[in-house]
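Undergrad: Below is the file protein12.csv, with CSV, C-alpha atoms.
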```
chain,number,residue,atom,x,y,z
Z,1,MET,CA,0.0,0.0,0.0
Z,2,PHE,CA,1.1,3.6,-0.5
Z,3,VAL,CA,1.4,5.9,2.4
Z,4,GLU,CA,1.8,9.7,2.2
Z,5,THR,CA,4.4,10.6,4.8
Z,6,ARG,CA,5.4,14.0,6.1
Z,7,HIS,CA,9.1,13.3,6.2
Z,8,PHE,CA,9.7,10.9,3.4
Z,9,GLY,CA,7.1,11.7,0.7
Z,10,ARG,CA,5.1,8.8,-0.7
Z,11,LEU,CA,6.3,5.4,0.4
Z,12,GLU,CA,5.3,1.9,-0.4
Z,13,ILE,CA,4.7,-0.1,2.8
Z,14,GLU,CA,3.7,-3.7,3.3
Z,15,ASP,CA,0.2,-4.1,4.7
Z,16,ASP,CA,1.5,-6.2,7.6
Z,17,LYS,CA,3.6,-3.2,8.8
Z,18,VAL,CA,0.6,-1.3,9.9
Z,19,ILE,CA,0.4,-0.7,13.7
Z,20,THR,CA,-3.1,-0.3,15.2
Z,21,PHE,CA,-3.7,2.2,18.0
Z,22,GLU,CA,-7.2,1.2,19.0
Z,23,GLU,CA,-7.7,4.4,21.0
Z,24,GLY,CA,-5.7,6.6,18.6
Z,25,LEU,CA,-3.6,9.2,20.5
Z,26,PRO,CA,-4.7,11.9,22.8
Z,27,GLY,CA,-5.5,14.8,20.4
Z,28,PHE,CA,-5.6,12.4,17.5
Z,29,GLU,CA,-8.3,10.0,18.6
Z,30,LYS,CA,-9.4,9.2,15.0
Z,31,CYS,CA,-5.9,8.2,13.9
Z,32,LYS,CA,-5.8,4.5,14.6
Z,33,ARG,CA,-3.5,3.2,11.9
Z,34,PHE,CA,0.2,4.0,11.9
Z,35,VAL,CA,3.5,2.9,10.5
Z,36,LEU,CA,6.8,3.1,12.3
Z,37,LEU,CA,9.5,4.5,10.0
Z,38,LYS,CA,13.3,5.0,10.2
Z,39,ASP,CA,15.3,7.3,8.1
Z,40,GLU,CA,17.5,5.2,5.9
Z,41,LYS,CA,20.1,8.0,6.0
Z,42,ASP,CA,20.5,7.4,9.7
Z,43,ILE,CA,22.0,3.9,9.2
Z,44,ASP,CA,25.7,3.9,10.3
Z,45,THR,CA,25.4,7.3,11.8
Z,46,GLU,CA,25.1,8.5,15.4
Z,47,ALA,CA,21.4,8.8,14.9
Z,48,GLU,CA,20.8,5.2,14.1
Z,49,GLY,CA,18.1,3.7,16.3
Z,50,LEU,CA,17.7,7.0,18.1
Z,51,PHE,CA,15.0,8.6,16.0
Z,52,TRP,CA,11.9,7.0,14.7
Z,53,TYR,CA,8.8,8.4,12.9
Z,54,LEU,CA,5.3,7.4,13.7
Z,55,GLN,CA,3.3,8.2,10.6
Z,56,SER,CA,-0.5,8.2,10.6
Z,57,LEU,CA,-2.2,6.5,7.7
Z,58,ASP,CA,-5.4,8.3,8.5
Z,59,ASP,CA,-4.0,11.8,8.5
Z,60,PRO,CA,-0.8,12.4,6.5
Z,61,GLU,CA,0.0,15.5,8.6
Z,62,ALA,CA,-0.1,13.5,11.8
Z,63,SER,CA,3.5,12.4,11.9
Z,64,PHE,CA,5.5,12.2,15.1
Z,65,VAL,CA,9.2,12.2,15.6
Z,66,MET,CA,10.0,9.8,18.4
Z,67,MET,CA,13.2,9.0,20.3
Z,68,ASP,CA,14.5,5.9,21.9
Z,69,VAL,CA,15.1,7.7,25.2
Z,70,LEU,CA,17.1,4.8,26.8
Z,71,MET,CA,19.9,5.6,24.3
Z,72,VAL,CA,20.2,9.1,25.8
Z,73,MET,CA,19.0,8.5,29.4
Z,74,PRO,CA,19.7,4.9,30.4
Z,75,GLY,CA,18.0,5.4,33.7
Z,76,TYR,CA,14.6,6.1,32.1
Z,77,ASN,CA,12.2,3.8,33.9
Z,78,PRO,CA,8.5,4.5,33.2
Z,79,MET,CA,6.1,2.7,35.5
Z,80,ILE,CA,3.5,1.1,33.4
Z,81,GLU,CA,0.7,-1.0,34.8
Z,82,ALA,CA,0.5,-4.5,33.2
Z,83,ASP,CA,-3.2,-4.2,32.8
Z,84,GLU,CA,-2.9,-0.9,30.9
Z,85,ILE,CA,-0.9,-2.6,28.2
Z,86,ALA,CA,-2.8,-5.9,28.3
Z,87,SER,CA,-4.8,-4.8,25.2
Z,88,LEU,CA,-1.6,-4.8,23.2
Z,89,GLY,CA,-1.1,-8.6,23.7
Z,90,GLU,CA,1.1,-10.8,25.8
Z,91,TYR,CA,4.0,-8.9,27.2
Z,92,SER,CA,7.6,-9.8,26.3
Z,93,PRO,CA,10.6,-7.6,26.5
Z,94,GLU,CA,11.6,-8.9,23.1
Z,95,THR,CA,8.5,-7.6,21.4
Z,96,PHE,CA,7.5,-4.6,23.4
Z,97,PHE,CA,9.2,-1.3,22.6
Z,98,VAL,CA,9.0,2.1,24.2
Z,99,TYR,CA,9.4,5.4,22.3
Z,100,ASN,CA,8.9,9.0,23.4
Z,101,ILE,CA,7.4,11.7,21.3
Z,102,VAL,CA,9.7,14.6,20.6
Z,103,VAL,CA,8.8,18.3,20.1
Z,104,ILE,CA,11.3,20.2,17.9
Z,105,PRO,CA,10.7,23.9,18.3
Z,106,GLU,CA,12.3,26.7,16.1
Z,107,ASN,CA,15.1,26.9,18.6
Z,108,ILE,CA,16.4,23.3,18.8
Z,109,MET,CA,18.0,24.1,22.2
Z,110,ASN,CA,14.4,23.8,23.5
Z,111,LEU,CA,14.0,20.3,22.1
Z,112,SER,CA,11.8,18.4,24.4
Z,113,VAL,CA,10.7,14.8,24.8
Z,114,ASN,CA,7.5,13.6,26.5
Z,115,LEU,CA,8.7,11.3,29.3
Z,116,LYS,CA,5.3,11.3,31.0
Z,117,ALA,CA,3.4,9.7,28.1
Z,118,PRO,CA,5.5,7.1,26.2
Z,119,ILE,CA,4.3,5.3,23.2
Z,120,VAL,CA,4.3,1.5,23.8
Z,121,ILE,CA,4.3,-0.8,20.7
Z,122,ASN,CA,4.0,-4.5,20.6
Z,123,GLU,CA,6.0,-5.2,17.5
Z,124,LYS,CA,4.6,-8.8,17.3
Z,125,GLU,CA,0.9,-8.0,17.4
Z,126,LYS,CA,1.4,-4.6,15.7
Z,127,LYS,CA,-0.5,-2.8,18.4
Z,128,GLY,CA,0.3,0.4,20.1
Z,129,LYS,CA,-0.9,2.8,22.8
Z,130,GLN,CA,0.2,6.0,24.4
Z,131,ILE,CA,0.4,5.5,28.1
Z,132,ILE,CA,0.4,8.1,30.8
Z,133,VAL,CA,2.8,6.8,33.4
Z,134,SER,CA,2.4,7.2,37.1
Z,135,ASN,CA,6.0,8.5,37.8
Z,136,GLU,CA,5.6,11.8,39.4
Z,137,ASP,CA,9.0,13.1,38.3
Z,138,TYR,CA,8.7,12.6,34.6
Z,139,ALA,CA,7.8,15.7,32.6
Z,140,ILE,CA,5.6,16.0,29.6
Z,141,ARG,CA,8.1,18.4,28.3
Z,142,TYR,CA,11.6,17.3,29.3
Z,143,HIS,CA,14.4,19.3,27.8
Z,144,ILE,CA,16.8,16.7,26.5
Z,145,PHE,CA,19.1,19.0,24.5
Z,146,GLU,CA,22.0,18.8,27.0
Z,147,GLU,CA,21.9,15.0,27.3
Z,148,LEU,CA,21.7,14.7,23.5
Z,149,LYS,CA,24.8,16.8,23.0
Z,150,LYS,CA,26.7,14.7,25.5
Z,151,MET,CA,25.9,11.6,23.5
Z,152,LYS,CA,28.4,12.1,20.8
Q,1,MET,CA,-23.4,16.2,30.7
Q,2,LEU,CA,-25.3,14.4,33.5
Q,3,ALA,CA,-25.2,16.3,36.8
Q,4,LEU,CA,-25.8,14.4,40.0
Q,5,THR,CA,-25.5,15.7,43.5
Q,6,ARG,CA,-23.8,13.4,46.0
Q,7,LYS,CA,-23.0,13.5,49.7
Q,8,LYS,CA,-19.7,12.4,51.2
Q,9,GLY,CA,-19.6,8.6,51.1
Q,10,GLU,CA,-22.0,8.3,48.2
Q,11,SER,CA,-21.1,6.8,44.8
Q,12,ILE,CA,-21.8,7.0,41.1
Q,13,MET,CA,-21.5,4.0,38.7
Q,14,ILE,CA,-20.2,4.7,35.2
Q,15,GLY,CA,-21.0,1.7,33.1
Q,16,ASP,CA,-20.7,-1.6,34.8
Q,17,ASN,CA,-17.2,-1.4,36.1
Q,18,VAL,CA,-16.3,2.2,37.0
Q,19,GLU,CA,-17.3,3.6,40.4
Q,20,LEU,CA,-16.7,7.2,41.5
Q,21,VAL,CA,-16.9,7.7,45.3
Q,22,VAL,CA,-17.1,11.0,47.1
Q,23,LEU,CA,-14.5,10.4,49.8
Q,24,GLY,CA,-14.5,13.8,51.4
Q,25,ILE,CA,-15.4,17.4,51.0
Q,26,GLN,CA,-13.3,20.2,52.4
Q,27,GLY,CA,-14.2,23.8,51.4
Q,28,GLU,CA,-13.8,24.0,47.7
Q,29,GLN,CA,-12.1,20.6,47.3
Q,30,VAL,CA,-13.7,17.3,46.7
Q,31,LYS,CA,-11.7,14.1,47.3
Q,32,LEU,CA,-12.8,11.5,44.8
Q,33,GLY,CA,-12.1,7.8,44.8
Q,34,ILE,CA,-12.1,5.9,41.5
Q,35,ILE,CA,-12.7,2.2,41.4
Q,36,ALA,CA,-12.0,1.0,37.9
Q,37,PRO,CA,-10.2,-1.9,36.1
Q,38,LYS,CA,-6.5,-1.2,35.7
Q,39,SER,CA,-7.0,-1.4,31.9
Q,40,ILE,CA,-8.8,2.0,32.1
Q,41,SER,CA,-6.5,4.9,32.7
Q,42,VAL,CA,-7.6,7.5,35.1
Q,43,HIS,CA,-5.9,11.0,35.2
Q,44,ARG,CA,-6.6,14.5,36.2
Q,45,LYS,CA,-8.1,16.2,33.1
Q,46,GLU,CA,-5.3,18.8,33.0
Q,47,ILE,CA,-2.7,16.1,32.4
Q,48,TYR,CA,-4.7,14.6,29.7
Q,49,GLU,CA,-5.2,18.0,28.0
Q,50,GLN,CA,-1.5,18.8,28.3
Q,51,ILE,CA,-0.7,15.5,26.6
Q,52,GLN,CA,-3.2,16.3,23.8
Q,53,ASN,CA,-1.7,19.7,23.3
Q,54,GLU,CA,1.8,18.3,23.4
Q,55,ASN,CA,0.9,15.7,20.8
Q,56,LYS,CA,-0.6,18.4,18.6
Q,57,GLU,CA,2.6,20.5,18.8
Q,58,ALA,CA,4.7,17.4,18.1
Q,59,ALA,CA,2.8,16.6,15.0
Q,60,HIS,CA,3.8,19.9,13.5
Q,61,SER,CA,7.3,19.6,14.8
Q,62,GLY,CA,10.3,21.2,13.1
Q,63,ASP,CA,13.6,20.3,11.6
Q,64,ILE,CA,14.9,16.9,12.6
Q,65,ALA,CA,18.0,17.4,10.4
Q,66,ALA,CA,19.2,20.3,12.7
Q,67,VAL,CA,18.9,17.9,15.7
Q,68,LYS,CA,20.9,15.2,14.0
Q,69,LYS,CA,23.7,17.7,13.3
Q,70,LEU,CA,24.0,18.0,17.0
Q,71,LEU,CA,25.2,14.5,17.2
Q,72,LYS,CA,28.1,14.8,14.8
```
Let's see the structure in the file written out as C-alpha coordinates.
TA:
Amino acid sequence: MFVETRHFGRLEIEDDKVITFEEGLPGFEKCKRFVLLKDEKDIDTEAEGLFWYLQSLDDPEASFVMMDVLMVMPGYNPMIEADEIASLGEYSPETFFVYNIVVIPENIMNLSVNLKAPIVINEKEKKGKQIIVSNEDYAIRYHIFEELKKMK
Amino acid sequence: MLALTRKKGESIMIGDNVELVVLGIQGEQVKLGIIAPKSISVHRKEIYEQIQNENKEAAHSGDIAAVKKLLK
(Lines of atoms letter the chains of each structure in order from A and count residues from 1; the text may use other names and numbers.)
(Lines give C-alpha, C1' and ligand atoms only; values in the text may rest on other atoms or scores of the structure.)
Protein backbone atom coordinates (compact mmCIF):
# COMPACT_ATOMS: atom_id res chain seq x y z
CA MET A 1 0.00 0.00 0.00
CA PHE A 2 1.11 3.56 -0.54
CA VAL A 3 1.45 5.95 2.38
CA GLU A 4 1.80 9.73 2.20
CA THR A 5 4.37 10.63 4.80
CA ARG A 6 5.37 14.03 6.05
CA HIS A 7 9.09 13.29 6.21
CA PHE A 8 9.68 10.86 3.38
CA GLY A 9 7.10 11.66 0.74
CA ARG A 10 5.13 8.79 -0.74
CA LEU A 11 6.29 5.38 0.45
CA GLU A 12 5.28 1.86 -0.39
CA ILE A 13 4.65 -0.08 2.80
CA GLU A 14 3.71 -3.73 3.27
CA ASP A 15 0.22 -4.06 4.74
CA ASP A 16 1.54 -6.16 7.60
CA LYS A 17 3.61 -3.23 8.83
CA VAL A 18 0.55 -1.29 9.94
CA ILE A 19 0.37 -0.74 13.69
CA THR A 20 -3.08 -0.31 15.21
CA PHE A 21 -3.66 2.20 17.96
CA GLU A 22 -7.18 1.21 19.03
CA GLU A 23 -7.68 4.40 21.00
CA GLY A 24 -5.75 6.64 18.63
CA LEU A 25 -3.56 9.16 20.46
CA PRO A 26 -4.67 11.95 22.80
CA GLY A 27 -5.47 14.82 20.44
CA PHE A 28 -5.63 12.40 17.49
CA GLU A 29 -8.34 10.02 18.59
CA LYS A 30 -9.37 9.25 15.01
CA CYS A 31 -5.87 8.20 13.94
CA LYS A 32 -5.84 4.49 14.56
CA ARG A 33 -3.46 3.20 11.93
CA PHE A 34 0.23 4.03 11.93
CA VAL A 35 3.52 2.89 10.51
CA LEU A 36 6.84 3.12 12.28
CA LEU A 37 9.55 4.45 10.02
CA LYS A 38 13.28 4.98 10.21
CA ASP A 39 15.34 7.33 8.14
CA GLU A 40 17.52 5.19 5.86
CA LYS A 41 20.10 7.96 5.98
CA ASP A 42 20.51 7.36 9.71
CA ILE A 43 22.04 3.94 9.16
CA ASP A 44 25.67 3.87 10.26
CA THR A 45 25.40 7.30 11.81
CA GLU A 46 25.14 8.47 15.40
CA ALA A 47 21.39 8.84 14.90
CA GLU A 48 20.79 5.18 14.06
CA GLY A 49 18.12 3.67 16.26
CA LEU A 50 17.70 6.98 18.06
CA PHE A 51 15.03 8.64 15.98
CA TRP A 52 11.89 7.04 14.72
CA TYR A 53 8.84 8.37 12.91
CA LEU A 54 5.29 7.39 13.73
CA GLN A 55 3.26 8.21 10.65
CA SER A 56 -0.52 8.16 10.64
CA LEU A 57 -2.17 6.48 7.66
CA ASP A 58 -5.43 8.25 8.46
CA ASP A 59 -3.97 11.77 8.46
CA PRO A 60 -0.76 12.37 6.47
CA GLU A 61 -0.03 15.47 8.55
CA ALA A 62 -0.09 13.51 11.80
CA SER A 63 3.51 12.44 11.91
CA PHE A 64 5.46 12.19 15.13
CA VAL A 65 9.20 12.16 15.61
CA MET A 66 10.05 9.80 18.43
CA MET A 67 13.19 9.03 20.31
CA ASP A 68 14.48 5.90 21.94
CA VAL A 69 15.09 7.70 25.23
CA LEU A 70 17.08 4.84 26.77
CA MET A 71 19.86 5.58 24.31
CA VAL A 72 20.17 9.05 25.81
CA MET A 73 18.96 8.45 29.38
CA PRO A 74 19.74 4.86 30.35
CA GLY A 75 17.98 5.38 33.68
CA TYR A 76 14.59 6.11 32.12
CA ASN A 77 12.17 3.84 33.93
CA PRO A 78 8.51 4.50 33.15
CA MET A 79 6.14 2.71 35.52
CA ILE A 80 3.51 1.07 33.39
CA GLU A 81 0.68 -1.04 34.82
CA ALA A 82 0.55 -4.51 33.22
CA ASP A 83 -3.22 -4.15 32.79
CA GLU A 84 -2.85 -0.90 30.89
CA ILE A 85 -0.86 -2.61 28.17
CA ALA A 86 -2.79 -5.90 28.30
CA SER A 87 -4.79 -4.80 25.24
CA LEU A 88 -1.56 -4.83 23.24
CA GLY A 89 -1.13 -8.58 23.69
CA GLU A 90 1.06 -10.81 25.77
CA TYR A 91 4.00 -8.89 27.20
CA SER A 92 7.55 -9.81 26.28
CA PRO A 93 10.63 -7.60 26.54
CA GLU A 94 11.62 -8.88 23.11
CA THR A 95 8.53 -7.59 21.37
CA PHE A 96 7.46 -4.56 23.41
CA PHE A 97 9.21 -1.29 22.63
CA VAL A 98 8.95 2.12 24.21
CA TYR A 99 9.40 5.39 22.34
CA ASN A 100 8.88 8.97 23.41
CA ILE A 101 7.42 11.72 21.27
CA VAL A 102 9.73 14.63 20.58
CA VAL A 103 8.79 18.26 20.06
CA ILE A 104 11.28 20.16 17.92
CA PRO A 105 10.73 23.90 18.26
CA GLU A 106 12.27 26.66 16.14
CA ASN A 107 15.14 26.92 18.56
CA ILE A 108 16.38 23.34 18.80
CA MET A 109 17.97 24.06 22.15
CA ASN A 110 14.42 23.84 23.48
CA LEU A 111 14.03 20.32 22.09
CA SER A 112 11.78 18.38 24.42
CA VAL A 113 10.67 14.82 24.85
CA ASN A 114 7.48 13.60 26.53
CA LEU A 115 8.71 11.33 29.31
CA LYS A 116 5.31 11.28 30.98
CA ALA A 117 3.41 9.67 28.13
CA PRO A 118 5.51 7.14 26.24
CA ILE A 119 4.33 5.26 23.19
CA VAL A 120 4.33 1.52 23.76
CA ILE A 121 4.31 -0.76 20.72
CA ASN A 122 3.97 -4.52 20.61
CA GLU A 123 5.97 -5.25 17.48
CA LYS A 124 4.61 -8.82 17.29
CA GLU A 125 0.89 -8.00 17.38
CA LYS A 126 1.40 -4.64 15.66
CA LYS A 127 -0.53 -2.80 18.36
CA GLY A 128 0.32 0.41 20.10
CA LYS A 129 -0.87 2.80 22.76
CA GLN A 130 0.24 6.03 24.39
CA ILE A 131 0.39 5.46 28.15
CA ILE A 132 0.42 8.15 30.82
CA VAL A 133 2.82 6.82 33.43
CA SER A 134 2.39 7.24 37.14
CA ASN A 135 5.97 8.45 37.77
CA GLU A 136 5.64 11.83 39.45
CA ASP A 137 9.00 13.10 38.29
CA TYR A 138 8.70 12.60 34.55
CA ALA A 139 7.81 15.74 32.63
CA ILE A 140 5.55 16.03 29.61
CA ARG A 141 8.13 18.41 28.26
CA TYR A 142 11.61 17.33 29.29
CA HIS A 143 14.41 19.35 27.80
CA ILE A 144 16.80 16.75 26.53
CA PHE A 145 19.11 18.96 24.49
CA GLU A 146 22.00 18.75 26.97
CA GLU A 147 21.87 14.96 27.25
CA LEU A 148 21.69 14.65 23.48
CA LYS A 149 24.78 16.80 23.03
CA LYS A 150 26.66 14.66 25.54
CA MET A 151 25.88 11.59 23.50
CA LYS A 152 28.42 12.13 20.77
CA MET B 1 -23.42 16.18 30.71
CA LEU B 2 -25.29 14.41 33.46
CA ALA B 3 -25.20 16.30 36.78
CA LEU B 4 -25.75 14.41 39.99
CA THR B 5 -25.52 15.68 43.53
CA ARG B 6 -23.81 13.39 45.98
CA LYS B 7 -22.97 13.53 49.67
CA LYS B 8 -19.75 12.35 51.23
CA GLY B 9 -19.61 8.58 51.11
CA GLU B 10 -22.00 8.29 48.18
CA SER B 11 -21.07 6.84 44.80
CA ILE B 12 -21.76 7.00 41.11
CA MET B 13 -21.53 4.03 38.75
CA ILE B 14 -20.22 4.70 35.25
CA GLY B 15 -20.98 1.70 33.09
CA ASP B 16 -20.66 -1.63 34.83
CA ASN B 17 -17.15 -1.37 36.10
CA VAL B 18 -16.28 2.19 37.03
CA GLU B 19 -17.28 3.62 40.38
CA LEU B 20 -16.72 7.18 41.52
CA VAL B 21 -16.87 7.67 45.28
CA VAL B 22 -17.05 11.01 47.10
CA LEU B 23 -14.49 10.40 49.83
CA GLY B 24 -14.54 13.80 51.41
CA ILE B 25 -15.44 17.44 50.99
CA GLN B 26 -13.33 20.23 52.41
CA GLY B 27 -14.17 23.78 51.45
CA GLU B 28 -13.80 23.99 47.67
CA GLN B 29 -12.09 20.63 47.32
CA VAL B 30 -13.73 17.31 46.72
CA LYS B 31 -11.74 14.15 47.29
CA LEU B 32 -12.82 11.51 44.81
CA GLY B 33 -12.08 7.80 44.78
CA ILE B 34 -12.11 5.92 41.49
CA ILE B 35 -12.65 2.19 41.40
CA ALA B 36 -11.99 0.95 37.87
CA PRO B 37 -10.23 -1.92 36.12
CA LYS B 38 -6.53 -1.21 35.68
CA SER B 39 -7.04 -1.38 31.94
CA ILE B 40 -8.84 1.96 32.13
CA SER B 41 -6.50 4.89 32.67
CA VAL B 42 -7.58 7.54 35.13
CA HIS B 43 -5.92 10.95 35.21
CA ARG B 44 -6.58 14.52 36.17
CA LYS B 45 -8.07 16.21 33.15
CA GLU B 46 -5.31 18.82 33.02
CA ILE B 47 -2.70 16.12 32.45
CA TYR B 48 -4.73 14.55 29.67
CA GLU B 49 -5.22 17.95 28.03
CA GLN B 50 -1.54 18.77 28.33
CA ILE B 51 -0.70 15.55 26.56
CA GLN B 52 -3.24 16.25 23.83
CA ASN B 53 -1.68 19.67 23.31
CA GLU B 54 1.84 18.33 23.38
CA ASN B 55 0.93 15.71 20.76
CA LYS B 56 -0.59 18.41 18.56
CA GLU B 57 2.58 20.46 18.82
CA ALA B 58 4.71 17.43 18.13
CA ALA B 59 2.75 16.62 14.97
CA HIS B 60 3.84 19.92 13.49
CA SER B 61 7.33 19.65 14.79
CA GLY B 62 10.28 21.20 13.12
CA ASP B 63 13.57 20.34 11.63
CA ILE B 64 14.94 16.94 12.64
CA ALA B 65 18.01 17.43 10.43
CA ALA B 66 19.16 20.25 12.68
CA VAL B 67 18.86 17.93 15.66
CA LYS B 68 20.93 15.23 13.99
CA LYS B 69 23.69 17.74 13.28
CA LEU B 70 24.05 18.03 17.04
CA LEU B 71 25.19 14.46 17.21
CA LYS B 72 28.06 14.84 14.80
Undergrad: Between Z:Ile13, Z:Ile131, Z:Ile144, Z:Leu25, single out the one closest to Z:Met109, counting only C-alpha atoms.
TA: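 Smallest distance to Z:Met109 is found for Z:Ile144.
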Undergrad: Which is closer to Q:Pro37 than all the others in Q:Ile51, Q:Ala58, Q:Gly24, Q:Asp16, using only C-alpha atoms?
TA: Q:Asp16
Undergrad: Residues of chain Z were defined as contacting chain Q if any atom lay at most 9 Å from it, counting only C-alpha atoms; please report them as a ChimeraX atom specification.
TA: /Z:25-28,42,45-47,51,61-65,81-87,101-106,108,111,114,116-117,131-132,140-141,145,148-152
Undergrad: For Z:Val69, which of Z:Asp39, Z:Glu90, Z:Glu147, Z:Asp15 is the closest residue, counting only C-alpha atoms?
TA: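 Closest to Z:Val69 of all the choices is Z:Glu147.
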Undergrad: Name all residues at most 10 Å from Z:Leu88 (count only C-alpha atoms; drop same-chain ones fewer than 3 positions away) and give them as an NGL selection string.
TA: :Z and (20-22 or 83-85 or 91 or 96 or 120-129)
Undergrad: Measure the distance from atom CA of Z:Glu94 to atom CA of Z:Leu57 in Å and round it to one decimal.
TA: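 One can read the atom CA of Z:Glu94 to atom CA of Z:Leu57 distance as 25.8 Å.
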Undergrad: Could you tell me how far atom CA of Z:Glu136 lies from atom CA of Z:Gly75, in Å and to one decimal?
TA: 15.1 Å
Undergrad: What is the distance, in Å and to one decimal place, between atom CA of Q:Leu23 and atom CA of Z:Asp137?
TA: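 Atom-to-atom, atom CA of Q:Leu23 to atom CA of Z:Asp137, that is 26.3 Å.
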Undergrad: Check the smallest atom-to-atom distance from each of Q:Ala65, Q:Glu46, Q:Leu20, Q:Ile35 to Q:Arg6 using only C-alpha atoms, then report the winner.
TA: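 Residue with the minimum atom-to-atom distance to Q:Arg6: Q:Leu20.
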Undergrad: Could you put an axis-aligned box around every listed atom of stretch 16-30 of chain Z, padded by 6 Å on each side, and send me its centre and edge lengths in Å to one decimal, as JSON?
TA:
```
{"center_x": -2.9, "center_y": 4.3, "center_z": 15.2, "size_x": 25.0, "size_y": 33.0, "size_z": 27.2}
```
Undergrad: Nearest to Q:Ala36 among Q:Met1, Q:Gly9, Q:Asn17, Q:Val22, with distances taken over all atoms listed in the file: which residue is it?
TA: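 Looking at the shortest contact to Q:Ala36, the residue is Q:Asn17.
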